[in-house]
file target-v5.tsv (TSV, C-alpha atoms)
chain	number	residue	atom	x	y	z
A	1	MET	CA	33.10	-7.15	88.90
A	2	ALA	CA	36.16	-7.39	91.14
A	3	ARG	CA	35.43	-3.90	92.47
A	4	ILE	CA	31.79	-4.76	93.20
A	5	GLU	CA	32.72	-8.01	94.95
A	6	GLY	CA	35.60	-6.44	96.86
A	7	GLU	CA	35.52	-5.67	100.54
A	8	GLY	CA	34.36	-2.22	101.44
A	9	PHE	CA	32.50	-1.52	98.20
A	10	ARG	CA	29.75	0.98	98.84
A	11	LEU	CA	26.98	2.20	96.60
A	12	GLN	CA	26.93	5.93	95.91
A	13	THR	CA	23.19	6.28	96.38
A	14	ASP	CA	21.07	9.31	95.73
A	15	TRP	CA	17.57	9.94	94.46
A	16	VAL	CA	17.57	9.25	90.72
A	17	ALA	CA	14.73	9.33	88.21
A	18	LEU	CA	14.14	6.05	86.38
A	19	ASP	CA	13.70	7.81	83.04
A	20	GLU	CA	17.10	9.51	83.48
A	21	VAL	CA	18.76	6.16	84.25
A	22	ILE	CA	17.19	4.61	81.14
A	23	GLY	CA	18.09	7.71	79.11
A	24	GLY	CA	21.71	7.47	80.26
A	25	ALA	CA	21.88	3.81	79.24
A	26	LEU	CA	20.45	4.65	75.81
A	27	LYS	CA	22.88	7.56	75.40
A	28	SER	CA	25.85	5.30	76.18
A	29	LEU	CA	24.82	3.01	73.30
A	30	GLU	CA	23.72	5.63	70.77
A	31	ALA	CA	26.47	4.74	68.27
A	32	LEU	CA	25.25	1.12	68.17
A	33	LEU	CA	21.58	1.46	69.01
A	34	PRO	CA	19.81	4.74	68.25
A	35	ALA	CA	17.36	5.63	71.05
A	36	GLU	CA	14.52	5.89	68.54
A	37	ALA	CA	15.08	2.21	67.68
A	38	VAL	CA	14.04	1.19	71.22
A	39	GLN	CA	10.35	0.97	72.06
A	40	LEU	CA	9.84	2.72	75.41
A	41	ASP	CA	6.86	2.15	77.67
A	42	LEU	CA	7.64	4.01	80.91
A	43	PRO	CA	5.27	5.37	83.57
A	44	GLN	CA	3.98	8.90	82.93
A	45	GLU	CA	4.72	9.95	86.50
A	46	ILE	CA	8.31	10.39	87.66
A	47	VAL	CA	9.61	7.27	89.39
A	48	LEU	CA	12.36	8.07	91.89
A	49	LEU	CA	14.76	5.39	93.06
A	50	GLN	CA	17.21	5.59	95.91
A	51	ALA	CA	20.08	4.06	93.98
A	52	ASP	CA	23.52	4.39	92.47
A	53	GLY	CA	22.46	5.89	89.14
A	54	ALA	CA	25.72	5.15	87.32
A	55	LEU	CA	25.61	1.47	88.25
A	56	LEU	CA	21.95	1.12	87.28
A	57	GLU	CA	22.74	2.75	83.94
A	58	ARG	CA	25.37	0.03	83.46
A	59	VAL	CA	22.74	-2.66	84.13
A	60	PHE	CA	20.37	-1.34	81.48
A	61	ALA	CA	23.18	-0.60	79.00
A	62	ASN	CA	24.38	-4.23	79.39
A	63	LEU	CA	20.86	-5.60	78.91
A	64	LEU	CA	20.26	-3.44	75.83
A	65	ALA	CA	23.67	-4.35	74.38
A	66	ASN	CA	22.84	-8.05	74.87
A	67	ALA	CA	19.49	-7.60	73.14
A	68	LEU	CA	21.28	-5.98	70.21
A	69	LYS	CA	23.98	-8.69	70.12
A	70	TYR	CA	21.70	-11.70	70.33
A	71	ALA	CA	18.53	-10.46	68.63
A	72	GLY	CA	20.27	-8.40	65.96
A	73	ARG	CA	19.83	-4.94	64.49
A	74	THR	CA	16.68	-5.77	62.56
A	75	ARG	CA	14.72	-7.03	65.56
A	76	ALA	CA	12.46	-5.09	67.91
A	77	ILE	CA	13.94	-4.11	71.27
A	78	GLY	CA	12.04	-2.43	74.07
A	79	ILE	CA	11.93	-1.32	77.68
A	80	ARG	CA	8.73	-1.47	79.71
A	81	ALA	CA	8.42	-0.34	83.35
A	82	ARG	CA	5.54	-0.67	85.78
A	83	ALA	CA	5.28	0.57	89.35
A	84	LEU	CA	3.93	-2.09	91.70
A	85	PRO	CA	3.27	-1.82	95.44
A	86	GLY	CA	6.69	-1.16	96.98
A	87	LYS	CA	8.71	-1.89	93.85
A	88	ILE	CA	9.28	-1.09	90.21
A	89	ARG	CA	9.48	-3.80	87.53
A	90	ILE	CA	11.53	-2.97	84.44
A	91	GLU	CA	11.63	-5.32	81.47
A	92	VAL	CA	14.18	-5.19	78.66
A	93	TRP	CA	12.87	-7.34	75.83
A	94	ASP	CA	13.57	-8.28	72.24
A	95	ASP	CA	11.95	-10.41	69.57
A	96	GLY	CA	15.08	-12.37	68.69
A	97	PRO	CA	15.71	-16.10	69.07
A	98	GLY	CA	15.29	-16.10	72.85
A	99	ILE	CA	17.18	-17.90	75.58
A	100	THR	CA	18.18	-21.56	75.37
A	101	SER	CA	15.66	-23.51	77.42
A	102	GLY	CA	17.03	-24.43	80.85
A	103	SER	CA	19.73	-21.74	80.92
A	104	GLU	CA	17.57	-18.89	82.26
A	105	GLN	CA	19.42	-18.84	85.61
A	106	HIS	CA	22.78	-20.14	84.41
A	107	ILE	CA	23.35	-17.16	82.09
A	108	PHE	CA	23.79	-14.88	85.14
A	109	GLU	CA	26.90	-16.77	86.27
A	110	LYS	CA	30.38	-15.39	85.57
A	111	PHE	CA	31.96	-16.34	82.24
A	112	THR	CA	28.71	-17.78	80.92
A	113	ARG	CA	27.57	-16.90	77.43
A	114	GLY	CA	24.10	-17.20	75.98
A	115	ASN	CA	25.39	-19.26	73.10
A	116	GLU	CA	28.69	-21.01	73.91
A	117	GLU	CA	29.73	-21.69	70.31
A	118	SER	CA	28.65	-18.32	68.99
A	119	SER	CA	30.61	-15.93	66.82
A	120	ILE	CA	29.11	-13.13	68.96
A	121	PRO	CA	31.94	-11.45	70.89
A	122	GLY	CA	32.03	-11.35	74.68
A	123	VAL	CA	33.47	-13.07	77.73
A	124	GLY	CA	30.27	-13.75	79.62
A	125	MET	CA	30.53	-11.13	82.37
A	126	GLY	CA	27.76	-8.69	81.41
A	127	LEU	CA	24.83	-10.52	83.01
A	128	ALA	CA	26.89	-11.48	86.07
A	129	ILE	CA	27.66	-7.78	86.56
A	130	CYS	CA	23.97	-6.93	86.12
A	131	ARG	CA	22.98	-9.47	88.76
A	132	ALA	CA	25.63	-8.23	91.22
A	133	ILE	CA	24.52	-4.59	90.81
A	134	VAL	CA	20.81	-5.42	91.11
A	135	MET	CA	21.46	-7.49	94.24
A	136	LEU	CA	23.45	-4.61	95.78
A	137	HIS	CA	20.26	-2.57	95.34
A	138	HIS	CA	18.23	-5.29	97.13
A	139	GLY	CA	16.52	-6.15	93.86
A	140	GLU	CA	16.01	-9.19	91.68
A	141	ILE	CA	16.84	-9.96	88.07
A	142	SER	CA	15.52	-12.81	85.96
A	143	ALA	CA	15.37	-13.96	82.36
A	144	ALA	CA	12.66	-15.72	80.41
A	145	ASN	CA	11.46	-16.29	76.89
A	146	ARG	CA	8.50	-14.22	75.76
A	147	PRO	CA	5.39	-16.11	74.61
A	148	GLU	CA	5.45	-14.08	71.37
A	149	GLY	CA	9.15	-14.88	70.81
A	150	GLY	CA	12.38	-13.36	72.01
A	151	ALA	CA	13.89	-12.82	75.44
A	152	CYS	CA	12.81	-10.69	78.37
A	153	PHE	CA	15.07	-9.66	81.24
A	154	THR	CA	13.16	-8.41	84.28
A	155	VAL	CA	14.68	-6.19	86.95
A	156	GLN	CA	12.67	-5.54	90.11
A	157	LEU	CA	13.91	-2.83	92.47
A	158	PRO	CA	12.45	-1.67	95.75
A	159	LEU	CA	10.78	1.73	95.87
A	160	SER	CA	11.62	3.70	98.99
A	161	PRO	CA	9.23	6.37	100.28
A	162	VAL	CA	10.25	9.65	98.67
A	163	PRO	CA	10.96	12.37	101.24
A	164	GLU	CA	8.65	15.35	101.16
A	165	MET	CA	10.00	18.51	99.61
A	166	VAL	CA	10.15	21.38	102.04
A	167	GLU	CA	10.02	24.88	100.62
A	168	SER	CA	12.56	27.24	102.06
A	169	SER	CA	11.60	30.82	102.75
call {"tool": "encode", "arguments": {"input": "target-v5.tsv", "output": "structure tokens"}}
result
Amino acid sequence: MARIEGEGFRLQTDWVALDEVIGGALKSLEALLPAEAVQLDLPQEIVLLQADGALLERVFANLLANALKYAGRTRAIGIRARALPGKIRIEVWDDGPGITSGSEQHIFEKFTRGNEESSIPGVGMGLAICRAIVMLHHGEISAANRPEGGACFTVQLPLSPVPEMVESS
């Protein structure tokens, strides 16, 4: 977080495929959360983002780790993405106990935990880091409870026009 907030921090942007970013996040958690345990609903077509792939992987790894921590191993966890005009919306959801009412924005602040008196380990930096990274990408992140139960974290990122591929002779 100190590095991200420091002067002179620059994103290392390149064209990255959304499914590769999600795959990288899942791979980083494979010892705790097998990829087959996550319900994926991603667009069929390749979605390219002009982004820092490593930092976006960290966002989704943090969100998935939180879902596992707070919802538990026996609960459903999923990722759903939809392309909208000019942006992509990615939701990381679970069917756990959800977010304490009124704390949906507060949980993105530094050193804030979803459940203050919890035995769940952590120092409350994961969601603050997610928000900082998403904002560096000119995106938005929010949290809400799902009508069917559980929490849903929504990341919206801008979609830049993809440059045309030119064949070389």
call {"tool": "residues_near_point", "arguments": {"input": "target-v5.tsv", "point": "(21.2, -6.3, 92.3)", "cutoff": "12 Å", "atoms": "only C-alpha atoms", "output": "NGL selection string"}}
result
:A and (4-5 or 11 or 51-52 or 55-56 or 58-60 or 108 or 127-142 or 154-158)
call {"tool": "write_last_selection", "arguments": {"input": "target-v5.tsv", "atoms": "C-alpha atoms", "output": "compact mmCIF listing (two decimals), in the frame of the given file"}}
result
# COMPACT_ATOMS: atom_id res chain seq x y z
CA ILE A 4 31.79 -4.76 93.20
CA GLU A 5 32.72 -8.01 94.95
CA LEU A 11 26.98 2.20 96.60
CA ALA A 51 20.08 4.06 93.98
CA ASP A 52 23.52 4.39 92.47
CA LEU A 55 25.61 1.47 88.25
CA LEU A 56 21.95 1.12 87.28
CA ARG A 58 25.37 0.03 83.46
CA VAL A 59 22.74 -2.66 84.13
CA PHE A 60 20.37 -1.34 81.48
CA PHE A 108 23.79 -14.88 85.14
CA LEU A 127 24.83 -10.52 83.01
CA ALA A 128 26.89 -11.48 86.07
CA ILE A 129 27.66 -7.78 86.56
CA CYS A 130 23.97 -6.93 86.12
CA ARG A 131 22.98 -9.47 88.76
CA ALA A 132 25.63 -8.23 91.22
CA ILE A 133 24.52 -4.59 90.81
CA VAL A 134 20.81 -5.42 91.11
CA MET A 135 21.46 -7.49 94.24
CA LEU A 136 23.45 -4.61 95.78
CA HIS A 137 20.26 -2.57 95.34
CA HIS A 138 18.23 -5.29 97.13
CA GLY A 139 16.52 -6.15 93.86
CA GLU A 140 16.01 -9.19 91.68
CA ILE A 141 16.84 -9.96 88.07
CA SER A 142 15.52 -12.81 85.96
CA THR A 154 13.16 -8.41 84.28
CA VAL A 155 14.68 -6.19 86.95
CA GLN A 156 12.67 -5.54 90.11
CA LEU A 157 13.91 -2.83 92.47
CA PRO A 158 12.45 -1.67 95.75
call {"tool": "residues_around", "arguments": {"input": "target-v5.tsv", "residues": "A:Ala151", "least_positions_apart": "5", "cutoff": "9 Å", "atoms": "all atoms listed in the file", "output": "VMD selection string"}}
result
chain A and resid 67 71 92 to 99 143 to 146
call {"tool": "axis_aligned_box", "arguments": {"input": "target-v5.tsv", "around": "stretch 89-107 of chain A", "padding_each_side": "5 Å", "output": "AutoDock Vina command-line options"}}
result
--center_x 16.4 --center_y -13.7 --center_z 78.1 --size_x 23.9 --size_y 31.5 --size_z 28.8
call {"tool": "atom_distance", "arguments": {"input": "target-v5.tsv", "atom1": "atom CA of A:Glu164", "atom2": "atom CA of A:Leu40"}}
result
28.7 Å
call {"tool": "atom_distance", "arguments": {"input": "target-v5.tsv", "atom1": "atom CA of A:Ile46", "atom2": "atom CA of A:Ala76"}}
result
25.4 Å
call {"tool": "atom_distance", "arguments": {"input": "target-v5.tsv", "atom1": "atom CA of A:Phe153", "atom2": "atom CA of A:Asp19"}}
result
17.6 Å
call {"tool": "closest_residue", "arguments": {"input": "target-v5.tsv", "among": "A:Ser28, A:Glu109, A:Leu18, A:Gly150", "to": "A:Asn62", "atoms": "all atoms listed in the file"}}
result
A:Ser28
call {"tool": "closest_residue", "arguments": {"input": "target-v5.tsv", "among": "A:Leu159, A:Ala37, A:Val21, A:Val16", "to": "A:Arg89", "atoms": "all atoms listed in the file"}}
result
A:Leu159
call {"tool": "residues_around", "arguments": {"input": "target-v5.tsv", "residues": "A:Val38", "least_positions_apart": "5", "cutoff": "9 Å", "atoms": "only C-alpha atoms", "output": "number ranges by chain"}}
result
A: 26, 33, 76-79
call {"tool": "decode", "arguments": {"input": "target-v5.tsv", "residues": "stretch 68-164 of chain A", "atoms": "C-alpha atoms", "output": "CSV table (one decimal), in the first residue's frame"}}
result
chain,number,residue,atom,x,y,z
A,68,LEU,CA,-13.0,-17.8,1.4
A,69,LYS,CA,-12.2,-16.3,4.8
A,70,TYR,CA,-15.7,-14.8,5.6
A,71,ALA,CA,-18.0,-17.2,3.8
A,72,GLY,CA,-16.0,-20.4,4.5
A,73,ARG,CA,-14.9,-23.4,2.6
A,74,THR,CA,-18.3,-25.0,2.3
A,75,ARG,CA,-20.0,-22.0,0.7
A,76,ALA,CA,-20.4,-21.2,-3.0
A,77,ILE,CA,-17.9,-18.6,-4.4
A,78,GLY,CA,-18.0,-17.2,-7.9
A,79,ILE,CA,-16.8,-14.7,-10.4
A,80,ARG,CA,-19.1,-13.2,-13.0
A,81,ALA,CA,-18.0,-10.7,-15.7
A,82,ARG,CA,-20.1,-8.7,-18.2
A,83,ALA,CA,-18.9,-6.3,-20.9
A,84,LEU,CA,-20.9,-3.1,-20.9
A,85,PRO,CA,-20.6,-0.1,-23.2
A,86,GLY,CA,-17.1,1.2,-22.5
A,87,LYS,CA,-16.4,-0.9,-19.4
A,88,ILE,CA,-16.3,-4.3,-17.9
A,89,ARG,CA,-18.1,-5.3,-14.7
A,90,ILE,CA,-16.6,-8.1,-12.7
A,91,GLU,CA,-18.4,-9.5,-9.6
A,92,VAL,CA,-16.8,-11.7,-7.0
A,93,TRP,CA,-19.6,-13.2,-4.9
A,94,ASP,CA,-20.2,-15.7,-2.2
A,95,ASP,CA,-23.2,-17.1,-0.4
A,96,GLY,CA,-21.8,-16.6,3.1
A,97,PRO,CA,-23.2,-14.3,5.9
A,98,GLY,CA,-22.7,-11.1,3.9
A,99,ILE,CA,-21.5,-7.7,4.9
A,100,THR,CA,-22.7,-5.9,8.1
A,101,SER,CA,-25.3,-3.4,7.1
A,102,GLY,CA,-24.0,0.1,6.8
A,103,SER,CA,-20.3,-0.9,6.4
A,104,GLU,CA,-20.4,-1.4,2.6
A,105,GLN,CA,-18.1,1.7,2.1
A,106,HIS,CA,-16.2,1.6,5.4
A,107,ILE,CA,-14.7,-1.8,4.7
A,108,PHE,CA,-12.5,-0.3,2.0
A,109,GLU,CA,-10.7,1.9,4.5
A,110,LYS,CA,-7.2,1.0,5.7
A,111,PHE,CA,-7.1,-1.2,8.8
A,112,THR,CA,-10.8,-2.0,8.7
A,113,ARG,CA,-12.0,-5.5,9.1
A,114,GLY,CA,-15.4,-7.0,8.0
A,115,ASN,CA,-16.0,-8.3,11.5
A,116,GLU,CA,-14.0,-6.4,14.2
A,117,GLU,CA,-14.2,-9.0,16.9
A,118,SER,CA,-13.6,-11.9,14.6
A,119,SER,CA,-11.2,-14.8,15.0
A,120,ILE,CA,-10.6,-14.5,11.3
A,121,PRO,CA,-6.9,-13.4,10.8
A,122,GLY,CA,-6.0,-10.2,9.0
A,123,VAL,CA,-5.1,-6.6,9.5
A,124,GLY,CA,-7.7,-4.9,7.3
A,125,MET,CA,-5.6,-3.9,4.4
A,126,GLY,CA,-6.8,-6.2,1.6
A,127,LEU,CA,-9.8,-4.2,0.5
A,128,ALA,CA,-8.0,-0.9,0.9
A,129,ILE,CA,-5.3,-2.2,-1.5
A,130,CYS,CA,-8.0,-3.4,-3.9
A,131,ARG,CA,-9.6,0.0,-3.9
A,132,ALA,CA,-6.3,1.8,-4.5
A,133,ILE,CA,-5.4,-0.5,-7.4
A,134,VAL,CA,-8.8,-0.2,-9.0
A,135,MET,CA,-8.7,3.6,-8.7
A,136,LEU,CA,-5.2,3.7,-10.3
A,137,HIS,CA,-6.9,1.9,-13.3
A,138,HIS,CA,-9.6,4.6,-13.3
A,139,GLY,CA,-12.2,2.1,-12.2
A,140,GLU,CA,-14.6,1.7,-9.3
A,141,ILE,CA,-15.1,-1.0,-6.6
A,142,SER,CA,-18.1,-1.5,-4.4
A,143,ALA,CA,-19.6,-4.0,-2.0
A,144,ALA,CA,-23.2,-5.1,-1.4
A,145,ASN,CA,-25.2,-7.9,0.0
A,146,ARG,CA,-26.8,-10.2,-2.5
A,147,PRO,CA,-30.6,-10.6,-2.4
A,148,GLU,CA,-30.1,-14.4,-2.2
A,149,GLY,CA,-27.6,-14.1,0.6
A,150,GLY,CA,-23.9,-13.5,0.8
A,151,ALA,CA,-21.6,-10.7,-0.4
A,152,CYS,CA,-20.8,-9.3,-3.8
A,153,PHE,CA,-17.8,-7.2,-4.6
A,154,THR,CA,-18.1,-5.4,-8.0
A,155,VAL,CA,-15.2,-4.0,-9.9
A,156,GLN,CA,-15.8,-1.9,-12.9
A,157,LEU,CA,-12.9,-1.1,-15.2
A,158,PRO,CA,-12.8,1.0,-18.4
A,159,LEU,CA,-12.4,-0.7,-21.7
A,160,SER,CA,-10.0,1.0,-24.1
A,161,PRO,CA,-10.4,0.6,-27.8
A,162,VAL,CA,-8.1,-2.4,-28.8
A,163,PRO,CA,-5.6,-1.5,-31.5
A,164,GLU,CA,-6.0,-3.3,-34.7
